[in-house]
Protein chains: 2
Amino acid sequence: MSIANIASFLKEAQDITILTHISPDGDALGSSFALCAALEDMGKCAKVVLPEPLPAYFSFMDWQPTLYTADVATQTVVALDCGDSKRLGTLETLIDQAETVVMLDHHKAGTPFGDLRFVSPASSATGEIIFDLLAALDVPLTPEIASALYVAISTDTGGFRYSNTTPRTHQIIAKLLELPFDAARINRFLYDCVPYSKLKLTALALDALTFFENGRIGVIAVSLDMLRQSGAVPEDMDGLTDYTRIAQGVEIGILLKEKGPDEVKISLRSNEYADVSAIATSFLGGGHVRASGCVIHAPLAQAKEQMGAAAAKILKG
Amino acid sequence: MSIANIASFLKEAQDITILTHISPDGDALGSSFALCAALEDMGKCAKVVLPEPLPAYFSFMDWQPTLYTADVATQTVVALDCGDSKRLGTLETLIDQAETVVMLDHHKAGTPFGDLRFVSPASSATGEIIFDLLAALDVPLTPEIASALYVAISTDTGGFRYSNTTPRTHQIIAKLLELPFDAARINRFLYDCVPYSKLKLTALALDALTFFENGRIGVIAVSLDMLRQSGAVPEDMDGLTDYTRIAQGVEIGILLKEKGPDEVKISLRSNEYADVSAIATSFLGGGHVRASGCVIHAPLAQAKEQMGAAAAKILKG
């Protein structure tokens with residue numbers, strides 16, 4: 001199915017419900033609200049339905065979701081940035097109720113669903129697909145649409161830093177920046193605005209950063225006590241992964257998150273060459289060469305030694 | 001003077017020495033080495049002369065400067081990213097010795113110098129000017145040139161996040177990314193690779209972060225003792241400025257750097273509306289509305305109270 005076909009279909013649709021995956025990120029939300037604003041500009045009835053209120057992290061954007069209730073109307077559903085309908089969570093039932101389901105996604109892996117499908121793994125973000133769809137719909141960009149697409153594409157490319165960033169990504173951003181919206185303000189809220197409790201947790205984590213194998217393995221073990229001390233929430237732990245691999249000379253970064261007395265969740269990262277998925281799978285986890293994870297049922301200190309030893313073995317080949 | 005005129009002149013020149021400002025940043029170095037590589041590709045004798053070896057921070061790039069000696073040949077000099085010849089430091093003498101001096105810069109303020117001048121304050125980085133100059137010279141981009149210009153433009157725009165980033169900036173980056181070089185690796189070295197001592201200093205600084213005026217003023221006082229404890233170098237203090245204004249709710253960020261028993265260097269930042277240059281000038285310093293600085297001759301703790309009080313006064317209008 002081409003973008004042009006999907007545009008033709010949406011031109012005729014009147015009542016459009018936009019859905020995205022649970023724990024929505026910047027691409028999921030930015031793509032959804034950009035498309036919603038464009039469809040409204042075309043005179044259609046459109047809404048973004050979320051199972052929960054907008055994550056606080058995105059409260060700087062003026063986005064108004066419709067909260068899910070069992071009787072939400074769903075003539076046409078567009079599911080965005082979601083490679084598998086299971087990742088819609090409670091919203092999956094709306095897929096069954098809808099007359100027509102459109103699926104738009106950029107993830108490589110997944111189980112495509114819906115009546116009209118467009119999956120483009122070459123796109124850095126679903127936001128890139130929405131940009132092309134709006135062009136096919138002939139709907140002009142507005143500051144509201146451009147800023148939402150900017151959030152979508154910037155967040156899914158790590159601020160245009162990851163290897164999924166292409167010439168096309170920058171061409172699209174160039175077009176978006178021609179609209180009058182404050183991209184520097186968006187960047188400040190996305191990347192330079194952190195709750196104080198998370199900064200406190202970061203200080204504790206950096207203080208706890210240790211190394212194995214002459215500094216080639218960086219390890220941070222975050223205890224529940226560190227969470228209590230800083231007042232941070234468990235999700236604040238996730239952002240610490242990058243600090244395990246940021247010190248000069250580190251190839252493998254290991255973040256250990258204490259979940260209970262005998263449960264430790266582990267995130268593994270590598271910078272240049274080490275295959276950390278091999279470590280994760282040996283502990284019944286999974287993931288990719290550069291990013292993987294697993295769970296160990298052991299006390300935090302013991303888990304740290306186990307993971308350090310496993311990573312050292314990988315480095316020694 | 002237009003870029004086309006400067007290109008015409010350089011087409012005829014044979015021996016070209018490229019200079020840039022002291023304490024060269026990514027734009028200064030990236031622009032210099034991109035131009036040097038292009039001129040060499042054109043069959044000319046070109047070199048980048050620095051007064052000191054390449055800063056270690058840029059050692060991941062394969063850049064080979066010529067170290068300054070009194071007898072370095074200077075038929076034609078191109079001075080880049082330098083608004084005032086005084087900022088060339090010891091290299092300023094080469095300006096007087098050269099037959100022809102070309103000045104290329106993007107800074108708003110300055111004292112233009114040289115025989116052929118092109119100053120473009122609308123450009124986010126001198127790297128953008130070099131991109132246009134290479135087009136005017138008809139020299140094809142190579143991975144070596146593209147990666148150097150990527151470093152130049154990325155660093156001067158804060159990774160495309162600052163308000164100086166324009167549609168043109170992203171159009172140029174899109175063209176550069178068409179060349180086969182590893183931009184994700186460059187981004188990792190630029191933004192995700194930090195000496196361990198600096199991470200230790202960051203942990204101490206985040207731990208020392210305090211607030212005035214209900215969290216609207218963030219203050220970090222870095223003592224010489226914290227430097228000793230972490231093993232960091234004084235320049236590592238500079239990167240801490242952003243942490244003073246990163247906590248949610250902060251409008252004014254103040255970084256105090258202890259230089260001696262009665263000397264404190266102060267950096268002031270604001271996020272949205274406060275005029276921190278008014279604070280700096282009241283202490284005989286200077287700068288801009290969003291970024292300024294001054295020096296206070298007082299012990300660190302006393303300087304902190306003074307600056308906090310001055311910032312509170314500004315917030316109260």
# chains A, B, ... in the order shown; residues from 1 in each chain; ligands from 1
>>> residues_around(residues="Pro51 (chain A)", least_positions_apart="5", cutoff="9 Å", atoms="only C-alpha atoms", output="NGL selection string")
:A and (22 or 66-69 or 89-91)
>>> interface_residues(of="chain B", to="chain A", cutoff="6 Å", atoms="only C-alpha atoms", output="ChimeraX atom specification")
/B:161-163,167,170-171,174,177,184,187,192-196,203,206-207,246-248
>>> closest_residue(among="B:Ala135, B:Leu190, B:Ala125, B:Ile6", to="Tyr57 (chain B)", atoms="only C-alpha atoms")
B:Leu190
>>> select_by_dssp(residues="region 90-300 of chain A", states="strand (DSSP E)", output="NGL selection string")
:A and (100-105 or 116-119 or 210-212 or 217-222 or 252-260 or 263-270 or 286-287 or 291-296)
>>> residues_around(residues="region 146-151 of chain A", least_positions_apart="4", cutoff="7 Å", atoms="only C-alpha atoms", output="mmCIF file with N, CA and C atoms, in the first residue's frame")
data_model
loop_
_atom_site.group_PDB
_atom_site.id
_atom_site.type_symbol
_atom_site.label_atom_id
_atom_site.label_comp_id
_atom_site.auth_asym_id
_atom_site.auth_seq_id
_atom_site.Cartn_x
_atom_site.Cartn_y
_atom_site.Cartn_z
ATOM 1 N N GLY A 26 8.108 10.257 22.188
ATOM 2 C CA GLY A 26 7.956 11.493 21.425
ATOM 3 C C GLY A 26 7.482 11.271 20.005
ATOM 4 N N ASP A 27 7.954 10.198 19.360
ATOM 5 C CA ASP A 27 7.544 9.915 17.986
ATOM 6 C C ASP A 27 6.065 9.507 17.948
ATOM 7 N N GLY A 30 4.075 12.818 18.952
ATOM 8 C CA GLY A 30 4.240 13.891 17.963
ATOM 9 C C GLY A 30 3.570 13.536 16.648
ATOM 10 N N SER A 31 3.763 12.292 16.192
ATOM 11 C CA SER A 31 3.134 11.858 14.944
ATOM 12 C C SER A 31 1.614 11.894 15.073
ATOM 13 N N PHE A 33 -0.382 13.692 17.170
ATOM 14 C CA PHE A 33 -0.982 15.020 17.263
ATOM 15 C C PHE A 33 -0.755 15.842 15.996
ATOM 16 N N ALA A 34 0.319 15.578 15.272
ATOM 17 C CA ALA A 34 0.514 16.252 13.973
ATOM 18 C C ALA A 34 -0.573 15.821 13.002
ATOM 19 N N GLY A 127 7.251 10.012 12.361
ATOM 20 C CA GLY A 127 7.065 11.421 12.001
ATOM 21 C C GLY A 127 7.441 11.712 10.553
ATOM 22 N N LEU A 141 1.434 22.755 6.080
ATOM 23 C CA LEU A 141 2.025 22.714 7.420
ATOM 24 C C LEU A 141 1.632 23.967 8.186
ATOM 25 N N THR A 142 1.414 23.806 9.481
ATOM 26 C CA THR A 142 1.189 24.942 10.379
ATOM 27 C C THR A 142 2.239 24.840 11.485
ATOM 28 N N THR A 155 13.124 13.191 18.750
ATOM 29 C CA THR A 155 13.255 12.218 19.843
ATOM 30 C C THR A 155 13.638 10.841 19.321
ATOM 31 N N ILE A 173 13.409 18.201 8.383
ATOM 32 C CA ILE A 173 13.540 19.185 9.469
ATOM 33 C C ILE A 173 13.743 20.589 8.891
ATOM 34 N N LEU A 176 10.384 21.846 8.073
ATOM 35 C CA LEU A 176 9.604 22.163 9.278
ATOM 36 C C LEU A 176 10.038 23.504 9.866
ATOM 37 N N LEU A 179 8.559 26.981 9.233
ATOM 38 C CA LEU A 179 7.362 27.450 9.943
ATOM 39 C C LEU A 179 7.790 28.188 11.214
ATOM 40 N N PHE A 181 7.861 28.364 14.611
ATOM 41 C CA PHE A 181 7.689 27.807 15.962
ATOM 42 C C PHE A 181 9.047 27.796 16.643
#
>>> residues_around(residues="Gly253 (chain B)", least_positions_apart="5", cutoff="6 Å", atoms="only C-alpha atoms", output="list in words")
Ile217, Gly218, Val219, Thr244, Arg245, Leu268 and Arg269 of chain B
>>> atom_distance(atom1="CA of Phe58 (chain B)", atom2="CA of Asp132 (chain B)")
24.0 Å
>>> residues_around(residues="region 107-111 of chain A", least_positions_apart="2", cutoff="10 Å", atoms="only C-alpha atoms", output="PDB file with C-alpha atoms, in the first residue's frame")
ATOM      1  CA  ASP A  81       4.271   3.904  15.405  1.00  0.00           C
ATOM      2  CA  CYS A  82       3.023   0.512  16.572  1.00  0.00           C
ATOM      3  CA  GLY A  83       4.378  -2.637  14.917  1.00  0.00           C
ATOM      4  CA  ASP A  84       2.035  -5.032  16.708  1.00  0.00           C
ATOM      5  CA  SER A  85      -1.587  -4.466  17.779  1.00  0.00           C
ATOM      6  CA  LYS A  86      -0.750  -6.010  21.178  1.00  0.00           C
ATOM      7  CA  LEU A 104       1.512   3.444   9.734  1.00  0.00           C
ATOM      8  CA  ASP A 105       4.850   2.413  11.198  1.00  0.00           C
ATOM      9  CA  PHE A 113      -2.269  -5.480  11.153  1.00  0.00           C
ATOM     10  CA  VAL A 119       5.554   0.220   7.015  1.00  0.00           C
ATOM     11  CA  SER A 120       8.788   2.047   6.134  1.00  0.00           C
ATOM     12  CA  PRO A 121      11.837   0.801   8.083  1.00  0.00           C
ATOM     13  CA  ALA A 122      14.035   3.271   6.164  1.00  0.00           C
ATOM     14  CA  SER A 123      12.271   6.149   7.939  1.00  0.00           C
ATOM     15  CA  SER A 124      14.032   7.324  11.108  1.00  0.00           C
ATOM     16  CA  ALA A 125      10.678   8.012  12.747  1.00  0.00           C
ATOM     17  CA  THR A 126       6.968   7.611  12.099  1.00  0.00           C
TER      18      THR A 126
END
>>> atom_distance(atom1="CA of Leu315 (chain B)", atom2="CA of Gln302 (chain B)")
20.2 Å
>>> residues_around(residues="region 254-266 of chain B", least_positions_apart="4", cutoff="7 Å", atoms="only C-alpha atoms", output="ChimeraX atom specification")
/B:218-224,241,244,293-300
